[in-house]
Protein chains: 2
Amino acid sequence: MATHHYQECLKLVPIFKSLSEADLTTIAAVIHPQQLKRGTILYQAEAEANTLYIVDAGQVKIYQLAANGREQLLRLLNPGDFDGEYALFTAAETHRSFAETVTAATVCEIRREDFQKLLLQYPQLSLRILSVLAARVQQLEQQTTRVTTETVETRLALYLLDTADAAKTDTLKLPMKKKDLATYLGTTPETISRKLSSFEAAGYIEQLPQKRIKIRDRDGLLFVS
Amino acid sequence: MATHHYQECLKLVPIFKSLSEADLTTIAAVIHPQQLKRGTILYQAEAEANTLYIVDAGQVKIYQLAANGREQLLRLLNPGDFDGEYALFTAAETHRSFAETVTAATVCEIRREDFQKLLLQYPQLSLRILSVLAARVQQLEQQTTRVTTETVETRLALYLLDTADAAKTDTLKLPMKKKDLATYLGTTPETISRKLSSFEAAGYIEQLPQKRIKIRDRDGLLFVS
DNA sequence: TCAAAACATTGATTTTGATCAAGTTTTGCT
DNA sequence: AGCAAAACTTGATCAAAATCAATGTTTTGA
């Protein structure tokens, strides 16, 4: 069984990469996989944080709720992504955000005590996580800067370009509902609709069925502003 | 000399806390202190990142510049704070932000190679930095959420309350120019002026000379919006 | 497969907060 | 201490995008 879990979860996760087979088997023993259906809450704000979550299949969204009830999508976890690590270093830490499955999903869990043992046992692991956290800090800094300094139009254009680049294609598929994209970009679904239409009218993109978007004029998008 | 540097910089830095005197002396040997005058750029976006900076005295601001030239203040470093660590794990990383002294300052520098040796030598160090980075991720997530979901008025009110709480006083001193506070909160100096005046008119705060603000009605501030 | 629910679009209106401009005060350098 | 430069304030105007509302279109789960 343990070997099976390791197949499912560990192979996917960059931070565990290049550990030996034997090590992976050890780690697999402390991993608990869960089958979850769409809409399942993995954790809530204020709850005690004592588990690392690794997504094996499906999609999980991490978001915060503002005092006024508005939702802010912080990140989408895809297979191989993980979350909760920030809570594992200091005891008695609570979550600030929510984690909820967007589709049916398989999620592997590692409990704090087990994970802390792993950290001591495999010091390279700390360095891997450091580098992942450092990347996330940079990503969040960019996000904050864009939200406060660029217009919605520019943010959307940059998002489309980034997403297309990441997929190395010019026909990208929006990885989430426009409602969620709106909270991610700090705007509303209505504004997204309108801006996409105006990009299309300007000949920068073409909107295809099923959330697919074809980029026709990169430079046009780049210089909206 | 080295012992002197250690006095100046190391004692202040939480991540080095609880290391032995001998260890601190070792570390002190690789630390290079710099006397800098106000307005000095420590690093710029695009430049290669190969140094960890520890602030010994004075204040340093970390900010990004948007394509349209607008500035986004990301964080203010006070004595004991450090920056640049994200760049130390992967080689050939470049800066995305700018670091500039706001006042005359003393800044200690540790070069990448030296720092990497320290990480190997003192594994606890990685864990400390992990916890600092995790805290920064949480702080940035909150920042992003607030900027996208709350009004300027609410953000400013929350900032005042947070700052007062941190200082455990109800007469806080704004730690930066309003111009910088404006970019931090994602607004303009004009709007800050106006909102502070309206808070004062409503009896929530009292504006005192020298950037000091007395909070008169916490609940009033809390329920603006 | 179908109906209900969730999601998306389009239009009209309103609001927040940015911008521009012109004074006033504060700061910091010699 | 004195003075130039930077920072701040206040007012008038404008623009971007949110909100409200009504309709159309996908999704999804029974």
# chains A, B, ... in the order shown; residues from 1 in each chain; ligands from 1
call {"tool": "interface_residues", "arguments": {"of": "chain B", "to": "chain D", "cutoff": "10 Å", "atoms": "only C-alpha atoms (C1' of nucleotides)", "output": "tab-separated table (two decimals) with N, CA, C and O atoms, in the first residue's frame"}}
result
chain	number	residue	atom	x	y	z
B	177	LYS	N	7.32	58.06	5.25
B	177	LYS	CA	6.67	59.21	4.63
B	177	LYS	C	5.31	58.80	4.08
B	177	LYS	O	5.12	57.66	3.68
B	178	LYS	N	4.40	59.73	4.04
B	178	LYS	CA	3.07	59.40	3.53
B	178	LYS	C	3.14	58.97	2.08
B	178	LYS	O	2.35	58.15	1.62
B	179	LYS	N	4.08	59.52	1.38
B	179	LYS	CA	4.28	59.14	-0.01
B	179	LYS	C	4.56	57.63	-0.10
B	179	LYS	O	3.99	56.93	-0.95
B	189	PRO	N	-0.79	59.85	-2.03
B	189	PRO	CA	-0.65	60.71	-0.85
B	189	PRO	C	-1.89	61.59	-0.63
B	189	PRO	O	-2.31	61.79	0.51
B	190	GLU	N	-2.47	62.07	-1.70
B	190	GLU	CA	-3.66	62.92	-1.58
B	190	GLU	C	-4.78	62.18	-0.86
B	190	GLU	O	-5.42	62.72	0.05
B	193	SER	N	-4.10	61.77	2.89
B	193	SER	CA	-4.40	63.03	3.59
B	193	SER	C	-5.88	63.16	3.85
B	193	SER	O	-6.32	63.44	4.97
B	194	ARG	N	-6.65	62.97	2.80
B	194	ARG	CA	-8.10	63.15	2.93
B	194	ARG	C	-8.72	62.15	3.89
B	194	ARG	O	-9.55	62.52	4.73
B	197	SER	N	-7.91	62.99	7.44
B	197	SER	CA	-8.73	64.13	7.89
B	197	SER	C	-10.15	63.67	8.22
B	197	SER	O	-10.74	64.10	9.20
call {"tool": "closest_atom_pairs", "arguments": {"of": "chain C", "to": "chain A", "cutoff": "9 Å", "atoms": "only C-alpha atoms (C1' of nucleotides)", "output": "CSV"}}
result
residue,atom,partner,partner_atom,distance
C:DC7,C1',A:Lys179,CA,7.8
C:DA8,C1',A:Ser193,CA,7.7
C:DT9,C1',A:Ser193,CA,6.8
C:DT10,C1',A:Arg194,CA,8.6
call {"tool": "residues_around", "arguments": {"residues": "Leu222 in chain B", "least_positions_apart": "3", "cutoff": "9 Å", "atoms": "only C-alpha atoms (C1' of nucleotides)", "output": "PyMOL selection string"}}
result
chain B and resi 154+157-158+161+217-219+225
call {"tool": "write_last_selection", "arguments": {"atoms": "all heavy atoms", "output": "mmCIF file, in the first residue's frame"}}
result
data_model
loop_
_atom_site.group_PDB
_atom_site.id
_atom_site.type_symbol
_atom_site.label_atom_id
_atom_site.label_comp_id
_atom_site.auth_asym_id
_atom_site.auth_seq_id
_atom_site.Cartn_x
_atom_site.Cartn_y
_atom_site.Cartn_z
ATOM 1 N N THR B 154 -10.661 51.412 4.353
ATOM 2 C CA THR B 154 -10.506 50.261 5.242
ATOM 3 C C THR B 154 -9.044 49.864 5.378
ATOM 4 O O THR B 154 -8.565 49.580 6.479
ATOM 5 C CB THR B 154 -11.311 49.065 4.695
ATOM 6 O OG1 THR B 154 -12.656 49.463 4.514
ATOM 7 C CG2 THR B 154 -11.265 47.891 5.660
ATOM 8 N N ALA B 157 -7.357 52.239 7.677
ATOM 9 C CA ALA B 157 -7.794 52.012 9.062
ATOM 10 C C ALA B 157 -7.113 50.771 9.631
ATOM 11 O O ALA B 157 -6.579 50.790 10.742
ATOM 12 C CB ALA B 157 -9.311 51.864 9.108
ATOM 13 N N LEU B 158 -7.080 49.702 8.864
ATOM 14 C CA LEU B 158 -6.449 48.469 9.335
ATOM 15 C C LEU B 158 -4.957 48.670 9.558
ATOM 16 O O LEU B 158 -4.378 48.165 10.512
ATOM 17 C CB LEU B 158 -6.682 47.333 8.329
ATOM 18 C CG LEU B 158 -8.125 46.819 8.242
ATOM 19 C CD1 LEU B 158 -8.277 45.834 7.088
ATOM 20 C CD2 LEU B 158 -8.546 46.168 9.555
ATOM 21 N N LEU B 161 -4.485 50.440 12.846
ATOM 22 C CA LEU B 161 -4.724 49.531 13.968
ATOM 23 C C LEU B 161 -3.583 48.532 14.114
ATOM 24 O O LEU B 161 -3.085 48.294 15.219
ATOM 25 C CB LEU B 161 -6.056 48.803 13.772
ATOM 26 C CG LEU B 161 -7.296 49.693 13.916
ATOM 27 C CD1 LEU B 161 -8.558 48.959 13.496
ATOM 28 C CD2 LEU B 161 -7.433 50.191 15.354
ATOM 29 N N ASP B 217 -10.736 55.998 18.888
ATOM 30 C CA ASP B 217 -11.917 55.131 18.828
ATOM 31 C C ASP B 217 -11.606 53.928 17.942
ATOM 32 O O ASP B 217 -11.841 53.943 16.740
ATOM 33 C CB ASP B 217 -13.104 55.932 18.272
ATOM 34 C CG ASP B 217 -14.369 55.086 18.178
ATOM 35 O OD1 ASP B 217 -14.319 53.870 18.474
ATOM 36 O OD2 ASP B 217 -15.423 55.642 17.793
ATOM 37 N N ARG B 218 -11.078 52.883 18.580
ATOM 38 C CA ARG B 218 -10.685 51.691 17.830
ATOM 39 C C ARG B 218 -11.862 51.110 17.065
ATOM 40 O O ARG B 218 -11.738 50.746 15.897
ATOM 41 C CB ARG B 218 -10.150 50.606 18.774
ATOM 42 C CG ARG B 218 -8.864 50.967 19.485
ATOM 43 C CD ARG B 218 -8.365 49.757 20.271
ATOM 44 N NE ARG B 218 -7.929 48.699 19.396
ATOM 45 C CZ ARG B 218 -6.742 48.648 18.830
ATOM 46 N NH1 ARG B 218 -5.859 49.584 19.070
ATOM 47 N NH2 ARG B 218 -6.432 47.658 18.030
ATOM 48 N N ASP B 219 -12.993 50.989 17.725
ATOM 49 C CA ASP B 219 -14.138 50.358 17.077
ATOM 50 C C ASP B 219 -14.614 51.169 15.884
ATOM 51 O O ASP B 219 -14.975 50.612 14.854
ATOM 52 C CB ASP B 219 -15.282 50.178 18.087
ATOM 53 C CG ASP B 219 -14.925 49.132 19.135
ATOM 54 O OD1 ASP B 219 -13.966 48.368 18.900
ATOM 55 O OD2 ASP B 219 -15.598 49.091 20.178
ATOM 56 N N SER B 225 -15.465 51.404 6.311
ATOM 57 C CA SER B 225 -15.961 50.545 5.205
ATOM 58 C C SER B 225 -17.475 50.598 5.095
ATOM 59 O O SER B 225 -18.049 51.234 4.449
ATOM 60 C CB SER B 225 -15.623 49.078 5.356
ATOM 61 O OG SER B 225 -16.742 48.340 5.739
#
call {"tool": "select_by_dssp", "arguments": {"residues": "chain B", "states": "helix (DSSP H, G or I)", "output": "ChimeraX atom specification"}}
result
/B:2-8,10-12,14-16,21-28,85-88,112-121,123-149,152-167,178-185,189-201,218-222
call {"tool": "select_by_dssp", "arguments": {"residues": "range 58-180 of chain B", "states": "strand (DSSP E or B)", "output": "PyMOL selection string"}}
result
chain B and resi 60-65+71-77+82-83+94+98-101+105-111+171-173
call {"tool": "interface_residues", "arguments": {"of": "chain A", "to": "chain B", "cutoff": "7 Å", "atoms": "only C-alpha atoms", "output": "number ranges by chain"}}
result
A: 64, 66, 70, 72, 86, 89, 126-127, 130-131, 133-134, 137, 140, 144-145, 148-149, 186
call {"tool": "residues_around", "arguments": {"residues": "Met176 in chain A", "least_positions_apart": "2", "cutoff": "9 Å", "atoms": "only C-alpha atoms (C1' of nucleotides)", "output": "PyMOL selection string"}}
result
chain A and resi 76+102+173-174+178-181+211
call {"tool": "residues_around", "arguments": {"residues": "range 51-59 of chain A", "least_positions_apart": "5", "cutoff": "6 Å", "atoms": "only C-alpha atoms (C1' of nucleotides)", "output": "list in words"}}
result
Cys9, Leu77, Asn78, Pro79, Gly80, Asp81, Phe82, Asp83, Gly84, Glu85, Thr101, Val102, Thr103, Ala104, Ala105, Thr106, Val107, Cys108, Glu109, Ile110, Arg111 and Arg112 of chain A
call {"tool": "residues_around", "arguments": {"residues": "Gly220 in chain A", "least_positions_apart": "5", "cutoff": "9 Å", "atoms": "only C-alpha atoms (C1' of nucleotides)", "output": "PyMOL selection string"}}
result
chain A and resi 199+202-204
call {"tool": "write_last_selection", "arguments": {"atoms": "N, CA and C atoms", "output": "JSON list (two decimals), in the first residue's frame"}}
result
[["chain", "number", "residue", "atom", "x", "y", "z"],
["A", 199, "PHE", "N", -10.59, 43.11, -26.12],
["A", 199, "PHE", "CA", -9.36, 42.55, -26.70],
["A", 199, "PHE", "C", -9.69, 41.87, -28.03],
["A", 202, "ALA", "N", -10.34, 44.34, -30.71],
["A", 202, "ALA", "CA", -9.10, 44.98, -31.17],
["A", 202, "ALA", "C", -8.23, 44.00, -31.96],
["A", 203, "GLY", "N", -8.67, 42.75, -32.01],
["A", 203, "GLY", "CA", -7.91, 41.76, -32.77],
["A", 203, "GLY", "C", -6.73, 41.16, -32.03],
["A", 204, "TYR", "N", -6.67, 41.38, -30.72],
["A", 204, "TYR", "CA", -5.55, 40.83, -29.95],
["A", 204, "TYR", "C", -5.74, 39.35, -29.66]]
